[in-house]
file target_30.cif (mmCIF, C-alpha atoms)
data_final
loop_
_atom_site.label_atom_id
_atom_site.label_comp_id
_atom_site.auth_asym_id
_atom_site.auth_seq_id
_atom_site.Cartn_x
_atom_site.Cartn_y
_atom_site.Cartn_z
CA MET A 1 62.92 48.93 99.47
CA VAL A 2 59.37 49.68 100.56
CA MET A 3 58.43 46.00 100.20
CA VAL A 4 61.43 44.88 102.27
CA LEU A 5 60.56 47.31 105.05
CA MET A 6 56.95 46.19 104.95
CA CYS A 7 58.00 42.52 105.30
CA LEU A 8 60.24 43.34 108.26
CA TRP A 9 57.41 45.29 109.93
CA LEU A 10 54.98 42.38 109.43
CA THR A 11 57.53 39.93 110.90
CA THR A 12 57.98 42.12 113.98
CA LEU A 13 54.22 42.45 114.39
CA ALA A 14 53.76 38.67 114.09
CA GLN A 15 56.29 38.03 116.85
CA THR A 16 54.46 40.23 119.36
CA GLY A 17 51.92 38.98 121.88
CA THR A 18 52.00 35.96 124.18
CA TRP A 19 54.02 32.87 123.23
CA SER A 20 54.46 29.75 125.33
CA GLY A 21 56.22 26.39 125.34
CA LYS A 22 57.78 23.78 127.61
CA ILE A 23 61.32 22.68 128.41
CA GLU A 24 62.15 19.25 129.81
CA VAL A 25 64.02 19.46 133.13
CA GLN A 26 64.85 16.31 135.12
CA GLY A 27 61.89 14.42 133.71
CA MET A 28 59.41 17.27 134.21
CA SER A 29 57.87 19.61 131.66
CA LEU A 30 58.40 23.20 132.76
CA PRO A 31 56.18 25.71 130.93
CA LEU A 32 57.61 29.12 130.03
CA VAL A 33 55.62 32.07 128.75
CA PHE A 34 56.99 35.11 126.90
CA HIS A 35 55.05 38.34 126.45
CA LEU A 36 56.72 40.01 123.47
CA ASN A 37 56.18 43.68 122.68
CA GLU A 38 57.79 45.65 119.88
CA SER A 39 60.65 46.97 122.04
CA ASP A 40 60.58 45.00 125.31
CA ALA A 41 59.32 41.74 126.84
CA THR A 42 58.54 39.84 130.05
CA MET A 43 58.76 36.15 130.95
CA ASP A 44 56.60 33.97 133.19
CA SER A 45 57.36 30.62 134.81
CA PRO A 46 53.80 29.62 135.81
CA ALA A 47 54.90 26.38 137.45
CA GLN A 48 56.97 28.36 139.94
CA GLY A 49 54.43 31.14 140.39
CA VAL A 50 56.80 33.70 138.85
CA ARG A 51 55.40 36.25 136.43
CA ASP A 52 56.41 39.46 134.67
CA ILE A 53 60.18 38.96 134.86
CA PRO A 54 61.66 41.90 132.90
CA ALA A 55 63.34 40.86 129.64
CA GLN A 56 65.07 42.45 126.68
CA ILE A 57 64.14 41.65 123.09
CA GLU A 58 66.28 41.84 120.00
CA ARG A 59 65.04 41.05 116.50
CA LYS A 60 67.43 39.81 113.86
CA ALA A 61 67.33 39.34 110.13
CA ALA A 62 65.61 36.25 108.68
CA SER A 63 62.87 36.32 111.34
CA GLY A 64 65.27 35.72 114.24
CA VAL A 65 64.42 36.80 117.79
CA VAL A 66 66.54 36.89 120.95
CA VAL A 67 65.03 37.39 124.41
CA ARG A 68 67.42 38.01 127.31
CA VAL A 69 66.34 37.71 130.95
CA PRO A 70 69.28 39.15 132.91
CA SER A 71 67.87 38.66 136.41
CA ILE A 72 67.92 34.86 136.03
CA GLY A 73 70.86 34.59 133.64
CA ALA A 74 68.73 33.21 130.81
CA THR A 75 68.52 33.73 127.04
CA TYR A 76 66.09 32.43 124.45
CA GLU A 77 67.09 32.55 120.78
CA GLY A 78 64.70 31.38 118.10
CA VAL A 79 63.43 31.74 114.56
CA TRP A 80 59.84 32.66 113.72
CA LEU A 81 58.33 30.08 111.36
CA GLY A 82 54.82 31.47 111.00
CA LYS A 83 52.80 29.49 113.55
CA GLN A 84 55.68 28.83 115.92
CA ILE A 85 59.07 30.07 117.08
CA MET A 86 61.69 27.31 117.22
CA GLY A 87 64.80 27.84 119.30
CA THR A 88 66.90 27.16 122.39
CA PHE A 89 66.54 28.35 125.98
CA LYS A 90 69.86 28.68 127.84
CA GLN A 91 70.44 29.27 131.54
CA HIS A 92 73.64 28.92 133.58
CA GLY A 93 75.37 26.86 130.91
CA ALA A 94 72.47 24.44 130.32
CA ALA A 95 70.61 24.44 126.99
CA PHE A 96 67.05 23.25 126.34
CA ALA A 97 65.12 22.97 123.09
CA LEU A 98 62.08 25.24 123.28
CA THR A 99 59.37 25.69 120.65
CA LEU A 100 56.92 28.52 121.31
CA ILE A 101 53.35 28.69 120.04
CA PRO A 102 50.88 31.59 120.30
CA GLY A 103 48.89 31.92 123.52
CA GLU A 104 49.20 30.37 126.97
CA GLU A 105 47.81 27.07 128.24
CA ARG A 106 45.42 27.52 131.16
CA LEU A 107 45.34 24.62 133.61
CA ASN A 108 42.25 23.67 135.56
CA ARG A 109 42.78 24.15 139.29
CA PRO A 110 39.27 23.89 140.76
CA GLN A 111 40.37 24.12 144.42
CA THR A 112 42.08 27.50 144.08
CA PRO A 113 40.07 29.97 146.22
CA LYS A 114 38.28 32.71 144.32
CA ALA A 115 37.06 36.07 145.62
CA PRO A 116 34.93 37.29 147.21
CA PHE A 117 36.16 35.66 150.44
CA ASP A 118 34.20 35.36 153.66
CA TYR A 119 37.26 36.36 155.69
CA ASP A 120 39.63 39.33 155.80
CA THR A 121 43.22 39.56 154.59
CA GLU A 122 46.06 41.94 155.41
CA GLU A 123 49.39 42.50 153.69
CA VAL A 124 52.15 42.42 156.32
CA THR A 125 55.95 42.56 156.44
CA PHE A 126 58.48 41.36 159.00
CA SER A 127 62.25 41.14 159.05
CA ASN A 128 65.04 38.76 159.98
CA GLY A 129 68.32 40.64 159.77
CA ASP A 130 68.67 41.95 156.23
CA ALA A 131 65.78 39.84 154.95
CA MET A 132 62.42 41.56 154.64
CA LEU A 133 59.57 39.05 154.32
CA SER A 134 56.26 39.99 152.73
CA GLY A 135 53.14 37.98 153.41
CA THR A 136 49.37 37.66 153.67
CA LEU A 137 47.64 37.46 157.03
CA VAL A 138 44.25 35.74 156.77
CA LEU A 139 41.76 36.66 159.51
CA PRO A 140 38.53 34.69 160.01
CA LYS A 141 35.33 36.51 160.81
CA GLY A 142 35.15 37.43 164.48
CA CYS A 143 38.93 37.11 164.83
CA SER A 144 40.33 37.98 168.28
CA ARG A 145 43.47 37.48 170.32
CA GLN A 146 42.18 34.01 171.28
CA THR A 147 41.89 32.89 167.65
CA PRO A 148 44.54 30.25 166.90
CA VAL A 149 47.00 31.24 164.17
CA LEU A 150 49.57 29.34 162.10
CA ILE A 151 52.57 30.60 160.21
CA MET A 152 52.96 28.59 156.99
CA VAL A 153 56.47 27.56 155.91
CA THR A 154 57.17 26.35 152.37
CA GLY A 155 59.38 23.52 151.20
CA SER A 156 62.89 23.76 149.73
CA GLY A 157 63.55 26.00 146.75
CA LEU A 158 62.30 29.51 146.09
CA GLN A 159 58.50 29.71 146.28
CA ASN A 160 55.87 32.36 146.72
CA ARG A 161 53.47 32.62 149.65
CA ASP A 162 51.00 30.22 148.01
CA GLU A 163 53.79 27.62 147.57
CA GLU A 164 52.76 27.75 143.93
CA LEU A 165 53.85 24.91 141.65
CA PHE A 166 52.40 24.18 138.21
CA GLU A 167 49.66 26.71 139.03
CA HIS A 168 48.68 24.69 142.10
CA LYS A 169 48.47 26.94 145.17
CA PRO A 170 48.39 24.55 148.14
CA PHE A 171 49.01 27.19 150.82
CA ALA A 172 46.18 29.35 149.46
CA VAL A 173 43.91 26.29 149.54
CA LEU A 174 44.98 25.46 153.10
CA ALA A 175 44.59 29.06 154.32
CA ASP A 176 41.10 29.21 152.83
CA ALA A 177 40.02 25.96 154.52
CA LEU A 178 41.49 27.03 157.86
CA ALA A 179 39.89 30.49 157.73
CA LYS A 180 36.47 28.92 157.17
CA ALA A 181 37.11 26.85 160.30
CA GLY A 182 37.99 29.95 162.36
CA ILE A 183 41.79 29.58 162.22
CA ALA A 184 44.05 32.45 161.14
CA THR A 185 47.18 32.00 159.01
CA LEU A 186 50.20 33.95 157.82
CA ARG A 187 51.88 32.82 154.60
CA TYR A 188 54.80 34.68 153.05
CA ASP A 189 57.07 34.78 150.01
CA ASP A 190 60.42 33.05 150.60
CA ARG A 191 63.40 35.35 151.09
CA GLY A 192 64.69 36.68 147.79
CA PHE A 193 61.48 35.76 145.98
CA GLY A 194 58.25 37.52 145.11
CA LYS A 195 57.94 40.62 147.26
CA SER A 196 60.45 39.39 149.85
CA THR A 197 64.11 40.33 149.96
CA GLY A 198 67.14 38.66 151.46
CA ASP A 199 70.19 36.60 150.56
CA VAL A 200 69.45 33.19 149.03
CA VAL A 201 73.00 32.18 148.11
CA MET A 202 74.59 32.01 151.55
CA CYS A 203 71.50 31.10 153.59
CA THR A 204 70.80 27.72 155.24
CA THR A 205 67.79 25.95 156.73
CA GLU A 206 68.71 27.68 160.00
CA ASP A 207 68.22 31.07 158.34
CA LEU A 208 64.89 29.94 156.88
CA LYS A 209 63.84 28.77 160.35
CA ASN A 210 64.69 32.21 161.73
CA ASP A 211 62.64 33.83 158.94
CA ALA A 212 59.65 31.86 160.19
CA LEU A 213 60.47 32.75 163.79
CA ALA A 214 60.43 36.45 162.87
CA GLY A 215 56.93 35.95 161.50
CA MET A 216 55.90 34.21 164.72
CA THR A 217 57.19 37.16 166.71
CA LEU A 218 54.91 39.41 164.68
CA LEU A 219 51.96 37.09 165.28
CA ARG A 220 52.53 36.94 169.05
CA GLN A 221 51.83 40.67 169.20
CA ARG A 222 48.23 39.93 168.14
CA PHE A 223 47.52 36.29 169.04
CA SER A 224 47.86 34.18 172.18
CA ARG A 225 48.25 30.80 170.44
CA VAL A 226 50.74 30.58 167.60
CA GLY A 227 51.57 27.42 165.71
CA VAL A 228 53.56 26.39 162.63
CA LEU A 229 52.37 24.53 159.55
CA GLY A 230 55.19 23.46 157.28
CA HIS A 231 55.41 21.43 154.10
CA SER A 232 58.48 19.34 153.21
CA GLU A 233 61.51 21.32 154.48
CA GLY A 234 58.97 23.61 156.12
CA GLY A 235 57.75 20.60 158.13
CA THR A 236 61.30 20.06 159.38
CA ILE A 237 61.49 23.74 160.32
CA ALA A 238 58.20 23.38 162.23
CA LEU A 239 59.73 20.56 164.28
CA MET A 240 62.88 22.61 164.93
CA LEU A 241 60.80 25.53 166.21
CA ALA A 242 58.77 23.19 168.39
CA ALA A 243 61.97 21.73 169.87
CA GLU A 244 63.08 25.26 170.76
CA GLY A 245 59.79 25.85 172.58
CA LYS A 246 58.68 28.53 170.12
CA ALA A 247 55.46 26.91 168.88
CA ASP A 248 52.21 26.10 170.68
CA PHE A 249 51.35 23.38 168.11
CA VAL A 250 52.82 22.23 164.79
CA VAL A 251 51.63 20.55 161.62
CA SER A 252 54.28 18.82 159.52
CA LEU A 253 53.14 17.87 156.02
CA ALA A 254 55.62 15.53 154.30
CA GLY A 255 58.33 16.81 156.62
CA MET A 256 61.80 15.29 156.91
CA ALA A 257 62.53 13.73 160.31
CA ILE A 258 65.65 11.76 159.28
CA SER A 259 68.97 13.36 158.32
CA GLY A 260 69.46 15.34 155.14
CA LYS A 261 72.12 12.84 154.07
CA GLU A 262 69.72 9.90 154.42
CA LEU A 263 66.94 11.74 152.61
CA LEU A 264 69.11 12.75 149.64
CA LEU A 265 70.48 9.22 149.27
CA TRP A 266 66.94 7.81 149.32
CA GLN A 267 65.78 10.39 146.76
CA ASN A 268 68.63 9.49 144.41
CA ARG A 269 67.97 5.76 144.76
CA THR A 270 64.30 6.29 144.04
CA MET A 271 64.88 8.58 141.06
CA LEU A 272 67.62 6.49 139.43
CA GLY A 273 65.75 3.24 140.00
CA SER A 274 62.60 4.62 138.39
CA ALA A 275 64.72 5.79 135.43
CA GLY A 276 65.78 2.20 134.77
CA ILE A 277 69.41 2.56 135.91
CA PRO A 278 70.88 -0.88 136.82
CA GLU A 279 70.86 -1.57 140.56
CA ALA A 280 74.63 -2.09 140.69
CA THR A 281 75.20 1.31 139.07
CA VAL A 282 72.76 2.94 141.50
CA ASP A 283 74.66 1.33 144.41
CA ASP A 284 77.99 2.66 143.11
CA TYR A 285 76.64 6.16 142.60
CA CYS A 286 74.94 6.35 146.00
CA ARG A 287 78.10 5.00 147.67
CA LEU A 288 80.07 7.85 146.10
CA LEU A 289 77.40 10.35 147.16
CA ALA A 290 77.50 9.07 150.73
CA GLU A 291 81.29 9.46 150.79
CA ALA A 292 80.93 13.03 149.48
CA PHE A 293 78.33 13.89 152.11
CA ASP A 294 80.45 12.43 154.91
CA ALA A 295 83.50 14.34 153.68
CA CYS A 296 81.46 17.53 153.56
CA VAL A 297 80.30 17.09 157.17
CA ALA A 298 83.87 16.30 158.27
CA ASN A 299 85.24 19.27 156.29
CA ALA A 300 87.48 16.84 154.39
CA PRO A 301 88.33 16.71 150.64
CA ILE A 302 85.38 15.55 148.57
CA PRO A 303 86.15 12.42 146.50
CA SER A 304 86.37 12.58 142.71
CA ALA A 305 84.31 10.48 140.30
CA ASP A 306 87.11 10.32 137.71
CA ALA A 307 88.42 6.91 138.74
CA THR A 308 84.96 5.32 138.92
CA THR A 309 83.24 3.28 136.22
CA LEU A 310 80.07 5.36 136.46
CA PRO A 311 78.39 6.43 133.19
CA ASP A 312 79.38 9.90 131.97
CA ALA A 313 75.89 11.24 132.68
CA LEU A 314 76.14 10.25 136.36
CA LYS A 315 79.67 11.64 136.59
CA GLN A 316 78.37 14.94 135.25
CA ASN A 317 75.48 14.87 137.72
CA TYR A 318 77.92 14.16 140.55
CA GLN A 319 80.00 17.18 139.55
CA GLY A 320 76.88 19.29 139.94
CA VAL A 321 76.42 17.93 143.47
CA VAL A 322 80.05 18.70 144.31
CA LYS A 323 79.54 22.31 143.22
CA GLN A 324 76.43 22.62 145.37
CA LEU A 325 78.35 21.23 148.34
CA GLN A 326 80.55 24.31 148.18
CA LEU A 327 77.56 26.43 149.19
CA PRO A 328 76.35 26.75 152.79
CA TYR A 329 72.81 25.51 152.11
CA LEU A 330 73.60 21.96 151.03
CA ARG A 331 76.50 21.60 153.47
CA HIS A 332 74.12 22.45 156.30
CA PHE A 333 71.24 20.36 154.94
CA VAL A 334 73.34 17.19 154.62
CA ALA A 335 74.28 17.40 158.30
CA LEU A 336 70.81 18.41 159.51
CA ASP A 337 69.09 15.77 161.67
CA VAL A 338 66.10 16.65 163.86
CA ARG A 339 65.93 13.26 165.62
CA PRO A 340 68.06 14.39 168.60
CA MET A 341 65.71 17.37 169.01
CA LEU A 342 62.42 15.47 169.03
CA GLY A 343 62.57 14.56 172.72
CA LYS A 344 62.47 18.25 173.63
CA ILE A 345 59.10 18.84 171.96
CA THR A 346 56.28 19.36 174.44
CA CYS A 347 53.58 20.84 172.19
CA PRO A 348 51.04 18.81 170.14
CA VAL A 349 52.37 17.57 166.80
CA MET A 350 50.47 16.49 163.71
CA ALA A 351 52.61 14.79 161.05
CA LEU A 352 51.18 13.46 157.80
CA ASN A 353 53.12 11.78 154.98
CA GLY A 354 51.81 10.29 151.74
CA THR A 355 52.40 6.63 150.95
CA LYS A 356 53.26 7.50 147.32
CA ASP A 357 55.65 10.33 148.17
CA THR A 358 58.83 9.99 146.07
CA GLN A 359 60.55 13.02 147.64
CA VAL A 360 60.26 12.33 151.37
CA ALA A 361 59.97 8.67 152.34
CA CYS A 362 56.75 8.07 154.26
CA ASP A 363 57.46 5.12 156.57
CA VAL A 364 60.98 5.94 157.73
CA ASN A 365 60.16 9.56 158.57
CA LEU A 366 56.95 8.73 160.44
CA LYS A 367 58.82 6.01 162.35
CA ALA A 368 61.46 8.55 163.39
CA LEU A 369 58.70 10.76 164.77
CA ARG A 370 56.90 7.95 166.58
CA ASP A 371 60.17 6.80 168.14
CA GLY A 372 61.50 10.26 169.00
CA LEU A 373 58.52 12.32 170.17
CA PRO A 374 57.53 12.09 173.85
CA ALA A 375 54.34 10.04 174.22
CA SER A 376 51.21 12.18 174.06
CA GLN A 377 47.57 11.56 173.27
CA HIS A 378 47.57 14.90 171.43
CA HIS A 379 49.98 13.80 168.71
CA CYS A 380 48.69 12.60 165.34
CA ILE A 381 51.28 10.74 163.25
CA GLU A 382 49.66 9.19 160.18
CA ALA A 383 50.35 7.90 156.69
CA ILE A 384 47.86 9.05 154.06
CA GLU A 385 47.20 6.30 151.55
CA GLY A 386 47.57 6.96 147.82
CA VAL A 387 48.84 10.55 147.84
CA ASN A 388 52.13 12.07 146.68
CA HIS A 389 54.47 14.69 148.13
CA LEU A 390 51.91 17.42 147.43
CA PHE A 391 49.12 15.29 148.95
CA GLN A 392 47.43 14.82 145.59
CA HIS A 393 45.79 11.51 144.78
CA CYS A 394 48.07 10.06 142.12
CA THR A 395 49.13 7.00 140.15
CA THR A 396 52.87 6.62 140.82
CA GLY A 397 53.82 9.61 142.95
CA ALA A 398 56.45 10.70 140.41
CA THR A 399 57.10 14.44 140.19
CA ALA A 400 56.17 14.35 136.50
CA GLU A 401 52.53 13.79 137.53
CA TYR A 402 52.20 16.96 139.62
CA ARG A 403 51.28 19.22 136.72
CA GLU A 404 48.77 16.87 135.13
CA ILE A 405 46.71 16.29 138.30
CA GLU A 406 43.87 18.79 138.74
CA GLU A 407 43.52 18.20 142.48
CA THR A 408 45.72 20.60 144.45
CA MET A 409 45.38 18.85 147.81
CA SER A 410 43.34 15.89 148.99
CA PRO A 411 40.11 17.02 150.71
CA GLN A 412 40.75 14.20 153.20
CA VAL A 413 44.03 15.84 154.21
CA LEU A 414 42.49 19.31 154.40
CA ASP A 415 39.72 18.00 156.64
CA ALA A 416 42.15 16.04 158.82
CA VAL A 417 44.29 19.14 159.44
CA VAL A 418 41.25 21.32 160.19
CA GLN A 419 39.70 18.80 162.60
CA TRP A 420 42.95 18.18 164.48
CA LEU A 421 43.55 21.91 164.92
CA LYS A 422 40.01 22.53 166.09
CA GLN A 423 40.44 19.83 168.76
CA ARG A 424 43.61 21.49 169.99
#

call {"tool": "encode", "arguments": {"input": "target_30.cif", "output": "structure tokens"}}
result
Amino acid sequence: MVMVLMCLWLTTLAQTGTWSGKIEVQGMSLPLVFHLNESDATMDSPAQGVRDIPAQIERKAASGVVVRVPSIGATYEGVWLGKQIMGTFKQHGAAFALTLIPGEERLNRPQTPKAPFDYDTEEVTFSNGDAMLSGTLVLPKGCSRQTPVLIMVTGSGLQNRDEELFEHKPFAVLADALAKAGIATLRYDDRGFGKSTGDVVMCTTEDLKNDALAGMTLLRQRFSRVGVLGHSEGGTIALMLAAEGKADFVVSLAGMAISGKELLLWQNRTMLGSAGIPEATVDDYCRLLAEAFDACVANAPIPSADATTLPDALKQNYQGVVKQLQLPYLRHFVALDVRPMLGKITCPVMALNGTKDTQVACDVNLKALRDGLPASQHHCIEAIEGVNHLFQHCTTGATAEYREIEETMSPQVLDAVVQWLKQR
């Protein structure tokens, strides 16, 4: 009996500490990290900038371990095999093989700013209805009411104030470069994420725009010139705020200027084509998607995929889209089109898109801006050669490359943004 208890104690001790592994999600490797103690645990998703999510740990006979993460509806169940824990990670009905090994991989991100900083920072909060947004205000040396300031708006999906992805922190890098050039910034955690609160299930891009507007209202109490810098969906929000006359200048990085329907169809064509799906099958799937989007906008019944000859995998994917179309966010996004608003914009606009962007098409979105914005010598609408959606120099632009690239953001892009703002 003593020997059995001793073996169980040694097994428990061996399973403690930090363990990490990767799951494959839509062609990308997503690292997960578990910090296992004797009676409790936490989980990190470094790629999303999420750390210390509370978890519950249960140890079973035969070296089994179960980690439950209630806040995200996830469970990991595995078996300790000495140098690794082999098991399955489950979340919202999806299951992924996940093998954990001791320790945590540290990625090299040389552009991430490191203290001490030659500028000041303040923690601030502001509210939009029931949403309380928490952010970091960066103040250059000698900051005054005449210092230009930008609110920074992240892309789609829940992200922290640094817009962290795969341990890249592009908004921290941008804020650092701007502060050194004498430009203040406010970046904040998305509603319902990080230190911010607010509903994320029923919200739309309009709500996210109003979150940013609430931050601008805070900034106008201290600054005379307030602009918006947005990435991806945040770039679209920047244009929306400019069209409403709320911004003194805007910077759109990889922003969408066509409709949400057009963008999503292009994304699906690009993704399926790169996956080797036959062109005829891609055409059939995108035709069905277009019909679903049109039905959604018209508040009509959404067509079924049952009678189609699509592969089962695409039918299953389509069912996932249909479920998302029941929620306000995607219904609103599909119908969103900023082109009719562009003619109302009177402030200077900088819009940059990467030629290797596989998430927001470069040429068609820049063309929409050139055609729709009132003529002005102050606008800067440019394609940046050889960079992806994150403005990293890349090989193909595929999302799978994001994690492996050490560069967080092209120095050329950082310099272009700084110089354009200084001229304004």

call {"tool": "atom_distance", "arguments": {"input": "target_30.cif", "atom1": "atom CA of A:Glu401", "atom2": "atom CA of A:Leu107"}}
result
13.6 Å

call {"tool": "atom_distance", "arguments": {"input": "target_30.cif", "atom1": "atom CA of A:Pro340", "atom2": "atom CA of A:Gly372"}}
result
7.8 Å

call {"tool": "resolve_selection", "arguments": {"input": "target_30.cif", "expression": "the PyMOL selection byres ((chain A and resi 285-293) around 7)", "output": "PyMOL selection string"}}
result
chain A and resi 261+265+281-284+294-297+302-303+334

call {"tool": "resolve_selection", "arguments": {"input": "target_30.cif", "expression": "the PyMOL selection byres ((chain A and resi 404-409) around 6)", "output": "ChimeraX atom specification"}}
result
/A:109,168,391-392,401-403,410

call {"tool": "resolve_selection", "arguments": {"input": "target_30.cif", "expression": "the PyMOL selection byres ((chain A and resi 268) around 10)", "output": "VMD selection string"}}
result
chain A and resid 263 to 267 269 to 274 282 285 to 286 289 358 to 359

call {"tool": "closest_residue", "arguments": {"input": "target_30.cif", "among": "A:Ser232, A:Thr42, A:Ser127, A:Ser252", "to": "A:Asn388", "atoms": "only C-alpha atoms"}}
result
A:Ser232

call {"tool": "build_atoms", "arguments": {"input": "target_30.cif", "residues": "stretch 78-85 of chain A", "atoms": "all heavy atoms", "output": "compact mmCIF listing (two decimals), in the frame of the given file"}}
result
# COMPACT_ATOMS: atom_id res chain seq x y z
N GLY A 78 65.51 32.20 118.98
CA GLY A 78 64.70 31.38 118.10
C GLY A 78 64.45 32.03 116.76
O GLY A 78 64.85 33.17 116.51
N VAL A 79 63.78 31.27 115.91
CA VAL A 79 63.43 31.74 114.56
C VAL A 79 61.93 31.59 114.38
O VAL A 79 61.35 30.52 114.65
CB VAL A 79 64.17 30.93 113.48
CG1 VAL A 79 63.73 31.38 112.09
CG2 VAL A 79 65.67 31.09 113.63
N TRP A 80 61.29 32.67 113.94
CA TRP A 80 59.84 32.66 113.72
C TRP A 80 59.55 31.92 112.43
O TRP A 80 60.08 32.23 111.36
CB TRP A 80 59.32 34.09 113.65
CG TRP A 80 57.85 34.19 113.36
CD1 TRP A 80 56.83 33.74 114.13
CD2 TRP A 80 57.25 34.79 112.20
NE1 TRP A 80 55.62 34.02 113.54
CE2 TRP A 80 55.85 34.66 112.34
CE3 TRP A 80 57.76 35.41 111.07
CZ2 TRP A 80 54.96 35.13 111.40
CZ3 TRP A 80 56.86 35.89 110.11
CH2 TRP A 80 55.48 35.75 110.28
N LEU A 81 58.68 30.90 112.52
CA LEU A 81 58.33 30.08 111.36
C LEU A 81 56.83 30.14 111.08
O LEU A 81 56.21 29.14 110.73
CB LEU A 81 58.77 28.63 111.58
CG LEU A 81 60.27 28.42 111.79
CD1 LEU A 81 60.56 26.97 112.12
CD2 LEU A 81 61.06 28.86 110.56
N GLY A 82 56.24 31.29 111.28
CA GLY A 82 54.82 31.47 111.00
C GLY A 82 53.96 31.16 112.21
O GLY A 82 53.59 32.05 112.96
N LYS A 83 53.66 29.89 112.43
CA LYS A 83 52.80 29.49 113.55
C LYS A 83 53.57 29.12 114.80
O LYS A 83 52.97 28.76 115.81
CB LYS A 83 51.90 28.33 113.13
CG LYS A 83 50.89 28.70 112.04
CD LYS A 83 49.97 27.53 111.74
CE LYS A 83 48.94 27.91 110.68
NZ LYS A 83 48.01 26.79 110.37
N GLN A 84 54.89 29.17 114.75
CA GLN A 84 55.68 28.83 115.92
C GLN A 84 57.05 29.51 115.85
O GLN A 84 57.48 29.96 114.78
CB GLN A 84 55.86 27.32 116.04
CG GLN A 84 56.54 26.67 114.85
CD GLN A 84 56.57 25.16 114.95
OE1 GLN A 84 55.90 24.58 115.77
NE2 GLN A 84 57.36 24.53 114.10
N ILE A 85 57.69 29.59 117.00
CA ILE A 85 59.07 30.07 117.08
C ILE A 85 59.90 28.91 117.60
O ILE A 85 59.67 28.41 118.71
CB ILE A 85 59.21 31.29 118.01
CG1 ILE A 85 58.31 32.45 117.52
CG2 ILE A 85 60.66 31.75 118.08
CD1 ILE A 85 58.29 33.64 118.47
